[in-house]
$ cat run-v8.txt   # compact mmCIF, C-alpha atoms
# COMPACT_ATOMS: atom_id res chain seq x y z
CA MET A 25 -4.13 -42.64 -12.06
CA LYS A 26 -2.84 -39.31 -13.26
CA LYS A 27 -4.35 -37.69 -16.30
CA ASN A 28 -2.83 -35.01 -18.43
CA ALA A 29 -4.31 -31.60 -19.03
CA GLU A 30 -5.36 -32.28 -22.60
CA ASP A 31 -7.43 -35.32 -21.63
CA LEU A 32 -9.20 -33.38 -18.92
CA ALA A 33 -9.91 -30.43 -21.21
CA LEU A 34 -11.29 -32.72 -23.92
CA ARG A 35 -13.41 -34.53 -21.37
CA LEU A 36 -14.86 -31.22 -20.23
CA LYS A 37 -15.62 -30.37 -23.86
CA ALA A 38 -17.20 -33.78 -24.42
CA ASP A 39 -19.49 -33.49 -21.41
CA PHE A 40 -20.58 -29.92 -22.13
CA PRO A 41 -20.38 -29.76 -25.93
CA ASN A 42 -22.73 -26.82 -26.41
CA ILE A 43 -21.44 -24.41 -23.80
CA ILE A 44 -17.70 -25.11 -23.74
CA SER A 45 -15.50 -23.90 -26.59
CA ASP A 46 -12.68 -25.98 -28.06
CA PRO A 47 -9.76 -26.01 -25.61
CA ILE A 48 -6.89 -23.72 -26.60
CA GLU A 49 -3.41 -24.92 -25.77
CA PHE A 50 -0.57 -22.50 -25.12
CA ARG A 51 2.74 -23.75 -23.75
CA GLY A 52 1.13 -26.74 -22.10
CA GLU A 53 -1.67 -24.74 -20.49
CA TYR A 54 -5.28 -25.31 -21.53
CA THR A 55 -7.94 -22.63 -21.69
CA CYS A 56 -11.64 -23.36 -22.08
CA GLU A 57 -14.24 -20.69 -22.60
CA LEU A 58 -17.66 -21.09 -21.08
CA LEU A 59 -20.23 -19.65 -23.48
CA ASP A 60 -23.13 -19.52 -21.04
CA PRO A 61 -22.11 -17.75 -17.81
CA ALA A 62 -25.39 -18.72 -16.16
CA ARG A 63 -24.14 -22.31 -15.98
CA LEU A 64 -20.80 -21.43 -14.41
CA TYR A 65 -21.60 -23.00 -11.08
CA GLU A 66 -22.64 -26.28 -12.70
CA VAL A 67 -19.45 -26.48 -14.79
CA ALA A 68 -17.26 -25.49 -11.84
CA LYS A 69 -18.81 -28.17 -9.67
CA TYR A 70 -18.21 -30.70 -12.43
CA LEU A 71 -14.57 -29.60 -12.70
CA ARG A 72 -14.10 -29.98 -8.98
CA ASP A 73 -15.95 -33.26 -8.40
CA LYS A 74 -15.46 -35.20 -11.63
CA LEU A 75 -12.18 -33.84 -12.98
CA ASP A 76 -10.52 -33.39 -9.56
CA PHE A 77 -9.62 -29.73 -9.83
CA ASP A 78 -9.37 -29.31 -6.09
CA PHE A 79 -7.73 -25.90 -5.95
CA LEU A 80 -8.78 -22.51 -7.32
CA LYS A 81 -5.42 -20.79 -7.64
CA ASP A 82 -6.68 -17.44 -8.75
CA SER A 83 -9.68 -15.76 -10.20
CA THR A 84 -9.56 -12.43 -11.90
CA CYS A 85 -11.47 -10.17 -14.24
CA ILE A 86 -10.69 -8.38 -17.51
CA ASP A 87 -12.46 -5.18 -18.55
CA GLU A 88 -12.92 -4.37 -22.25
CA PRO A 89 -15.25 -1.34 -22.32
CA ASP A 90 -15.77 -1.36 -26.10
CA GLN A 91 -17.15 -4.90 -26.10
CA GLU A 92 -20.80 -5.73 -25.59
CA LYS A 93 -19.78 -8.56 -23.28
CA ARG A 94 -17.55 -6.22 -21.37
CA PHE A 95 -16.19 -8.30 -18.50
CA THR A 96 -14.27 -11.54 -18.79
CA LEU A 97 -13.94 -13.63 -15.66
CA VAL A 98 -10.92 -15.90 -15.57
CA TYR A 99 -10.59 -18.85 -13.20
CA GLU A 100 -7.20 -20.52 -12.80
CA LEU A 101 -7.73 -24.05 -11.57
CA TYR A 102 -5.21 -26.59 -10.41
CA SER A 103 -5.49 -30.25 -9.66
CA TYR A 104 -3.16 -31.57 -7.00
CA GLN A 105 -4.19 -35.08 -7.90
CA HIS A 106 -3.21 -34.88 -11.57
CA ARG A 107 -0.70 -32.02 -11.24
CA VAL A 108 -2.30 -30.10 -14.08
CA GLN A 109 -3.61 -26.62 -14.60
CA MET A 110 -6.74 -25.42 -16.38
CA ARG A 111 -8.03 -21.98 -17.19
CA LEU A 112 -11.75 -21.30 -17.46
CA LYS A 113 -13.00 -18.07 -18.98
CA THR A 114 -16.45 -16.64 -19.32
CA ARG A 115 -17.69 -13.32 -20.65
CA ILE A 116 -20.57 -11.35 -19.13
CA PHE A 117 -22.56 -8.34 -20.25
CA ALA A 118 -21.79 -4.83 -19.09
CA LYS A 119 -25.45 -4.09 -18.36
CA LYS A 120 -25.79 -6.73 -15.70
CA PRO A 121 -22.35 -7.64 -14.31
CA GLN A 122 -23.52 -10.56 -12.25
CA ILE A 123 -22.35 -14.15 -11.89
CA SER A 124 -22.73 -16.95 -9.40
CA SER A 125 -20.22 -17.20 -6.60
CA LEU A 126 -17.95 -20.23 -6.39
CA SER A 127 -17.03 -19.66 -2.76
CA ASP A 128 -18.82 -22.75 -1.52
CA LEU A 129 -16.88 -24.91 -4.00
CA TRP A 130 -13.45 -23.46 -3.25
CA GLU A 131 -12.76 -21.52 -0.07
CA SER A 132 -10.18 -19.38 -1.85
CA ALA A 133 -12.88 -17.90 -4.07
CA ASN A 134 -14.30 -15.95 -1.13
CA TRP A 135 -11.68 -13.22 -0.93
CA GLN A 136 -10.86 -13.33 -4.65
CA GLU A 137 -14.46 -12.57 -5.48
CA ARG A 138 -14.52 -9.80 -2.90
CA GLU A 139 -11.53 -8.26 -4.64
CA ILE A 140 -13.20 -8.50 -8.06
CA TYR A 141 -16.34 -6.96 -6.61
CA ASP A 142 -14.32 -4.18 -5.00
CA LEU A 143 -12.23 -3.20 -8.00
CA MET A 144 -14.46 -4.19 -10.94
CA GLY A 145 -17.97 -4.06 -9.54
CA ILE A 146 -19.06 -7.58 -10.45
CA GLN A 147 -21.93 -8.81 -8.29
CA PHE A 148 -21.51 -12.39 -7.08
CA GLU A 149 -24.75 -14.18 -6.33
CA ASN A 150 -24.89 -16.23 -3.14
CA HIS A 151 -21.58 -14.91 -1.88
CA PRO A 152 -21.55 -15.25 1.95
CA ASP A 153 -19.84 -11.91 2.64
CA LEU A 154 -19.69 -9.62 -0.37
CA ARG A 155 -17.93 -6.57 1.10
CA ARG A 156 -15.09 -4.43 -0.21
CA ILE A 157 -11.68 -5.82 0.64
CA LEU A 158 -9.09 -3.24 -0.50
CA MET A 159 -11.02 0.01 -0.65
CA TRP A 160 -13.08 1.00 2.35
CA ASP A 161 -16.80 0.52 2.94
CA GLY A 162 -18.67 3.49 1.52
CA TYR A 163 -16.31 4.17 -1.39
CA GLN A 164 -18.64 4.46 -4.36
CA TYR A 165 -16.42 3.62 -7.36
CA HIS A 166 -14.78 0.53 -8.79
CA PRO A 167 -11.32 1.85 -9.58
CA LEU A 168 -9.92 -0.91 -11.80
CA ARG A 169 -12.54 -0.36 -14.48
CA LYS A 170 -11.08 1.15 -17.63
CA ASP A 171 -13.40 4.16 -17.52
CA PHE A 172 -12.21 5.12 -14.04
CA PRO A 173 -9.50 7.82 -14.32
CA LEU A 174 -6.01 6.91 -13.15
CA GLU A 175 -5.80 10.06 -11.03
CA GLY A 176 -8.93 9.07 -9.13
CA LYS A 177 -11.96 11.08 -8.13
CA ALA A 178 -12.56 13.34 -5.18
CA THR A 179 -14.70 11.65 -2.54
CA GLN A 180 -15.61 12.05 1.09
CA CYS A 181 -16.83 9.18 3.22
CA GLY A 182 -16.84 9.82 6.94
CA ASN A 183 -13.28 10.70 7.87
CA ILE A 184 -11.81 9.18 4.73
CA PHE A 185 -11.31 11.56 1.85
CA THR A 186 -9.71 11.17 -1.55
CA GLU A 187 -8.44 13.84 -3.92
CA VAL A 188 -7.63 13.92 -7.58
CA ALA A 189 -3.91 13.18 -7.92
CA PRO A 190 -1.88 15.70 -9.96
CA LEU A 191 -0.61 13.84 -13.00
CA GLU A 192 1.59 16.74 -14.24
CA GLY A 193 1.48 15.63 -17.86
CA GLY A 194 1.68 11.93 -17.07
CA PRO A 195 1.07 9.03 -17.00
CA PHE A 196 4.77 8.39 -17.30
CA VAL A 197 5.59 5.37 -19.39
CA THR A 198 9.09 4.30 -20.33
CA LEU A 199 9.96 3.35 -23.89
CA PRO A 200 11.84 0.08 -23.68
CA GLY A 201 14.79 -0.30 -26.01
CA ASN A 202 15.45 3.39 -26.54
CA THR A 203 19.07 4.08 -25.66
CA ASP A 204 18.55 7.80 -25.04
CA THR A 205 17.45 8.24 -21.42
CA GLY A 206 15.76 11.56 -22.18
CA LYS A 207 13.59 9.95 -24.83
CA ARG A 208 13.08 6.74 -22.88
CA GLU A 209 11.85 8.47 -19.74
CA PRO A 210 10.48 11.88 -20.71
CA ARG A 211 9.42 14.37 -18.06
CA SER A 212 5.95 14.46 -19.54
CA ARG A 213 4.10 13.12 -22.51
CA SER A 214 0.71 13.85 -23.98
CA THR A 215 -1.81 11.14 -23.30
CA ASP A 216 -2.68 10.59 -26.98
CA SER A 217 0.86 9.80 -28.15
CA LYS A 218 1.45 6.20 -29.05
CA PHE A 219 4.40 4.37 -27.62
CA MET B 18 35.52 33.71 46.45
CA ASN B 19 34.58 31.76 43.35
CA LEU B 20 31.04 30.87 42.37
CA THR B 21 31.09 27.16 43.23
CA LYS B 22 32.32 27.85 46.72
CA PHE B 23 29.69 30.50 47.10
CA LEU B 24 27.01 27.95 46.22
CA GLY B 25 28.37 25.53 48.83
CA TYR B 26 29.63 23.19 46.16
CA ASP B 27 32.86 21.25 46.64
CA GLY B 28 34.41 20.75 43.17
CA LYS B 29 37.05 18.35 44.49
CA THR B 30 34.62 15.67 45.52
CA GLU B 31 31.60 16.34 43.33
CA GLY B 32 33.12 17.01 39.89
CA ASN B 33 32.66 19.95 37.58
CA VAL B 34 29.59 22.05 37.17
CA VAL B 35 27.98 23.56 34.10
CA ILE B 36 25.80 26.60 34.31
CA THR B 37 23.14 26.98 31.64
CA THR B 38 19.61 28.14 31.12
CA MET B 39 16.64 25.97 32.03
CA GLU B 40 15.37 26.11 28.48
CA ALA B 41 18.64 24.84 27.01
CA LEU B 42 18.68 22.02 29.55
CA ILE B 43 15.12 20.92 28.72
CA ASN B 44 15.82 21.07 25.00
CA TRP B 45 19.08 19.18 25.49
CA CYS B 46 17.21 16.40 27.31
CA ARG B 47 14.59 16.23 24.58
CA LYS B 48 17.15 16.35 21.82
CA TYR B 49 18.94 13.19 22.95
CA SER B 50 15.86 11.13 23.71
CA LEU B 51 13.73 11.51 20.61
CA TRP B 52 11.88 8.22 20.79
CA PRO B 53 10.53 7.40 17.33
CA MET B 54 7.11 6.08 16.48
CA PRO B 55 8.00 3.87 13.53
CA MET B 56 5.21 4.31 11.01
CA GLY B 57 6.66 1.80 8.56
CA LEU B 58 4.31 1.54 5.60
CA ALA B 59 6.49 0.49 2.66
CA CYS B 60 10.09 -0.03 1.57
CA CYS B 61 11.41 3.03 3.45
CA ALA B 62 10.65 1.03 6.59
CA ILE B 63 13.39 -1.41 5.59
CA GLU B 64 15.87 1.46 5.60
CA LEU B 65 14.45 2.57 8.92
CA MET B 66 15.17 -0.88 10.31
CA GLY B 67 18.66 -0.70 8.83
CA THR B 68 19.18 2.62 10.57
CA GLY B 69 18.22 0.97 13.82
CA ALA B 70 20.60 -1.95 13.32
CA SER B 71 24.24 -2.09 14.31
CA ARG B 72 25.87 -0.75 11.14
CA TYR B 73 24.20 2.67 11.30
CA ASP B 74 23.05 2.48 14.91
CA ILE B 75 20.50 5.20 15.56
CA ALA B 76 21.25 4.70 19.28
CA ARG B 77 24.24 7.01 18.83
CA PHE B 78 21.71 9.83 18.60
CA GLY B 79 19.49 8.69 21.45
CA ALA B 80 16.64 7.62 19.16
CA GLU B 81 16.92 3.86 19.40
CA VAL B 82 13.82 3.31 21.52
CA MET B 83 11.29 2.52 18.81
CA ARG B 84 8.10 2.31 20.78
CA PHE B 85 5.12 0.72 19.10
CA SER B 86 2.90 2.78 21.32
CA PRO B 87 2.17 6.37 20.36
CA ARG B 88 1.86 7.30 24.03
CA GLN B 89 5.57 6.81 24.60
CA SER B 90 6.80 8.39 21.38
CA ASP B 91 8.14 11.82 20.49
CA VAL B 92 8.81 11.73 16.78
CA MET B 93 6.74 9.93 14.19
CA ILE B 94 8.80 8.70 11.26
CA VAL B 95 6.36 8.18 8.39
CA ALA B 96 8.34 5.73 6.29
CA GLY B 97 6.51 4.76 3.14
CA THR B 98 3.47 5.18 0.96
CA VAL B 99 0.41 6.49 2.78
CA THR B 100 -2.78 5.24 1.18
CA TYR B 101 -6.06 6.99 1.81
CA LYS B 102 -7.23 4.00 3.81
CA GLN B 103 -4.12 4.13 5.98
CA ALA B 104 -4.18 7.93 6.27
CA GLN B 105 -6.85 7.88 8.98
CA VAL B 106 -4.77 5.46 11.04
CA VAL B 107 -1.67 7.66 10.69
CA LYS B 108 -3.63 10.71 11.76
CA ARG B 109 -5.18 8.95 14.71
CA ILE B 110 -1.83 7.65 15.95
CA TYR B 111 -0.35 11.13 15.58
CA GLU B 112 -3.17 12.53 17.68
CA GLN B 113 -2.51 9.93 20.37
CA MET B 114 1.11 11.00 20.75
CA PRO B 115 1.70 13.34 23.70
CA GLU B 116 3.23 16.79 23.23
CA PRO B 117 5.92 17.70 22.37
CA LYS B 118 5.87 15.78 19.11
CA TRP B 119 7.54 15.99 15.77
CA VAL B 120 7.01 14.32 12.38
CA ILE B 121 9.59 13.22 9.84
CA ALA B 122 8.22 12.49 6.35
CA MET B 123 10.69 9.89 5.17
CA GLY B 124 11.05 9.43 1.44
CA ALA B 125 9.33 10.59 -1.72
CA CYS B 126 5.99 8.85 -1.00
CA ALA B 127 5.49 10.34 2.45
CA CYS B 128 6.56 13.79 1.21
CA SER B 129 4.44 14.02 -1.93
CA GLY B 130 2.94 10.69 -2.90
CA GLY B 131 6.10 9.91 -4.83
CA MET B 132 5.63 7.98 -8.01
CA PHE B 133 2.13 6.94 -6.99
CA ARG B 134 0.00 9.51 -8.80
CA SER B 135 -2.92 7.27 -8.16
CA TYR B 136 -6.49 7.06 -6.97
CA SER B 137 -5.49 5.28 -3.78
CA VAL B 138 -2.46 7.19 -2.50
CA LEU B 139 -2.44 10.29 -0.33
CA GLN B 140 -0.37 12.93 -2.10
CA GLY B 141 1.88 13.80 0.82
CA VAL B 142 1.39 13.12 4.52
CA ASP B 143 1.39 16.89 5.18
CA LYS B 144 -2.21 16.93 3.94
CA ILE B 145 -3.30 15.35 7.22
CA ILE B 146 -0.61 16.08 9.86
CA PRO B 147 2.02 18.82 10.27
CA VAL B 148 5.47 17.75 9.09
CA ASN B 149 8.71 19.07 10.60
CA LEU B 150 11.18 17.51 8.22
CA TYR B 151 11.01 16.17 4.68
CA LEU B 152 13.61 13.63 3.61
CA ALA B 153 14.29 13.08 -0.08
CA GLY B 154 15.10 9.63 -1.39
CA CYS B 155 13.46 6.54 -2.80
CA PRO B 156 14.09 4.95 -0.42
CA VAL B 157 15.97 7.21 1.97
CA ARG B 158 19.46 5.96 2.78
CA PRO B 159 20.18 5.41 6.49
CA GLU B 160 22.81 8.16 6.33
CA ALA B 161 20.17 10.58 5.10
CA LEU B 162 17.80 9.58 7.88
CA LEU B 163 20.53 10.14 10.46
CA ASP B 164 21.33 13.49 8.87
CA GLY B 165 17.66 14.37 9.08
CA LEU B 166 17.53 13.29 12.71
CA MET B 167 20.50 15.53 13.49
CA GLN B 168 18.73 18.38 11.70
CA LEU B 169 15.66 17.71 13.84
CA GLN B 170 17.83 17.74 16.96
CA HIS B 171 19.13 21.12 15.85
CA ASP B 172 15.56 22.34 15.44
CA VAL B 173 14.58 20.98 18.86
CA MET B 174 17.35 23.04 20.45
CA GLN B 175 15.84 26.21 18.97
CA GLU B 176 12.41 25.67 20.51
CA PRO B 177 11.37 28.38 22.99
CA VAL B 178 9.80 25.90 25.44
CA LEU B 179 9.74 28.13 28.52
CA ARG B 180 9.27 31.38 26.68
CA LYS B 181 6.27 29.77 25.01
CA GLN B 182 4.72 29.10 28.44
CA PHE B 183 5.34 32.55 29.85
CA ARG B 184 4.23 34.34 26.70
CA LYS B 185 0.60 34.05 27.79
$ encode --input "run-v8.txt" --output "structure tokens"
Amino acid sequence: MKKNAEDLALRLKADFPNIISDPIEFRGEYTCELLDPARLYEVAKYLRDKLDFDFLKDSTCIDEPDQEKRFTLVYELYSYQHRVQMRLKTRIFAKKPQISSLSDLWESANWQEREIYDLMGIQFENHPDLRRILMWDGYQYHPLRKDFPLEGKATQCGNIFTEVAPLEGGPFVTLPGNTDTGKREPRSRSTDSKF
Amino acid sequence: MNLTKFLGYDGKTEGNVVITTMEALINWCRKYSLWPMPMGLACCAIELMGTGASRYDIARFGAEVMRFSPRQSDVMIVAGTVTYKQAQVVKRIYEQMPEPKWVIAMGACACSGGMFRSYSVLQGVDKIIPVNLYLAGCPVRPEALLDGLMQLQHDVMQEPVLRKQFRK
């Protein structure tokens, strides 16, 4: 029998009352926050086995450098059995960006976690093959972190080199809604101006 | 006695004859068989495919044989954004191409990095390999690519192939 997303979210809350926040609904989608990231694997296994979330659609990471719990991991789950979606979030500290891997629960987590490791530098425990996936082996930075400059850093790794890109007054950002093209897309803009 | 008769050549049965220099002949042969190495990396590659298709028909200029082997190619058309990770592959394929070889940087990204002022994008393919021709456009229209190819053919005709050999 099919269950709706609200029932499943409330059931998750009922079974883990101390570590799961109240589900937040937005346009029919439910988001639960996991307050204790150390128990992620346990909760994820429960979601898969008991609540039939058989597919991990996407997992991603948010970086907020001014927060003590700097990184937020977001897991987008889907249940083919109930045709519902669920979002699970958990926040981890900047000092030790480490969390357990879910790649033995959902196969799709393998490459998604490699991407998060590559671009954000989160260490996944018990991951079978935690290598970079987009950047090359030997690159020493995690370029999607907020403190990494947009223009990059100069590196040399074997034959592969990188250089600092010339921004020429950029980054160039358009101002939506402005009818004057010159103002909407200026040749250059100082980085501290608000838009 | 005219020249053809002097050379033992019968114009009535064997057609007309053109007298030229060896260098012009070699360059003429090269000019009309510039086999491209399609280095299609991003959206410019779609225009490159369009140039190869029937509407624009790059075969009119003798460059229709897109070989996916660098060993049979003469001109590398770098069509698209070259990332640092891809840059080593581009360079290696260029080095595998036999001489004589030419490079067309097709589009804003291949020329200068284009709009990607970014940590991951090579700021112009001329940082790793020599470029003969830069084509503006984002992406380059097939007409512009054909115009560039004709410009390259013009440049090929100017090459001192034999004089280069005997200069030593």
$ atom_distance --input "run-v8.txt" --atom1 "CA of Tyr165 (chain A)" --atom2 "CA of Val142 (chain B)"
23.4 Å
$ interface_residues --input "run-v8.txt" --of "chain B" --to "chain A" --cutoff "7 Å" --atoms "all atoms listed in the file" --output "ChimeraX atom specification"
/B:101-102,105,134-136,140
$ residues_around --input "run-v8.txt" --residues "Tyr73 (chain B)" --least-positions-apart "6" --cutoff "9 Å" --atoms "all atoms listed in the file" --output "PyMOL selection string"
chain B and resi 67+159-160+163
$ residues_around --input "run-v8.txt" --residues "Leu154 (chain A)" --least-positions-apart "6" --cutoff "8 Å" --atoms "all atoms listed in the file" --output "PyMOL selection string"
chain A and resi 137-138+141+148
$ closest_residue --input "run-v8.txt" --among "A:Ile48, A:Ile157, A:Leu112, A:Leu58" --to "Thr84 (chain A)" --atoms "all atoms listed in the file"
A:Leu112
$ axis_aligned_box --input "run-v8.txt" --around "region 101-104 of chain A" --padding-each-side "3 Å" --output "JSON"
{"center_x": -5.4, "center_y": -27.8, "center_z": -9.3, "size_x": 10.6, "size_y": 13.5, "size_z": 10.6}
$ atom_distance --input "run-v8.txt" --atom1 "CA of Gly141 (chain B)" --atom2 "CA of Ile94 (chain B)"
13.5 Å
$ closest_residue --input "run-v8.txt" --among "B:Val178, B:Ile146, B:Trp52, B:Leu166" --to "Ala104 (chain B)" --atoms "only C-alpha atoms"
B:Ile146
$ closest_residue --input "run-v8.txt" --among "B:Met123, B:Leu65, B:Leu139, B:Met83" --to "Thr100 (chain B)" --atoms "only C-alpha atoms"
B:Leu139
$ residues_around --input "run-v8.txt" --residues "Pro53 (chain B)" --least-positions-apart "4" --cutoff "6 Å" --atoms "all atoms listed in the file" --output "count of residues only"
5
$ residues_around --input "run-v8.txt" --residues "Ser50 (chain B)" --least-positions-apart "6" --cutoff "9 Å" --atoms "only C-alpha atoms" --output "PyMOL selection string"
chain B and resi 78-82+91
$ atom_distance --input "run-v8.txt" --atom1 "CA of Leu64 (chain A)" --atom2 "CA of Leu97 (chain A)"
10.5 Å
$ residues_around --input "run-v8.txt" --residues "region 37-49 of chain B" --least-positions-apart "5" --cutoff "10 Å" --atoms "all atoms listed in the file" --output "list of chain:residue names"
B:Ala76, B:Arg77, B:Phe78, B:Gly79, B:Ala80, B:Asp91, B:Pro117, B:Leu166, B:Met167, B:Leu169, B:Gln170, B:His171, B:Asp172, B:Val173, B:Met174, B:Gln175, B:Glu176, B:Pro177, B:Val178, B:Leu179, B:Arg180
$ residues_near_point --input "run-v8.txt" --point "(-14.1, -16.4, -4.0)" --cutoff "10 Å" --atoms "only C-alpha atoms" --output "ChimeraX atom specification"
/A:80,82-84,125-140,148,151-154
$ residues_near_point --input "run-v8.txt" --point "(-18.4, -25.0, -15.4)" --cutoff "12 Å" --atoms "only C-alpha atoms" --output "PyMOL selection string"
chain A and resi 33+36-37+39-45+56-75+77+98-99+101+110-114+124-126+129
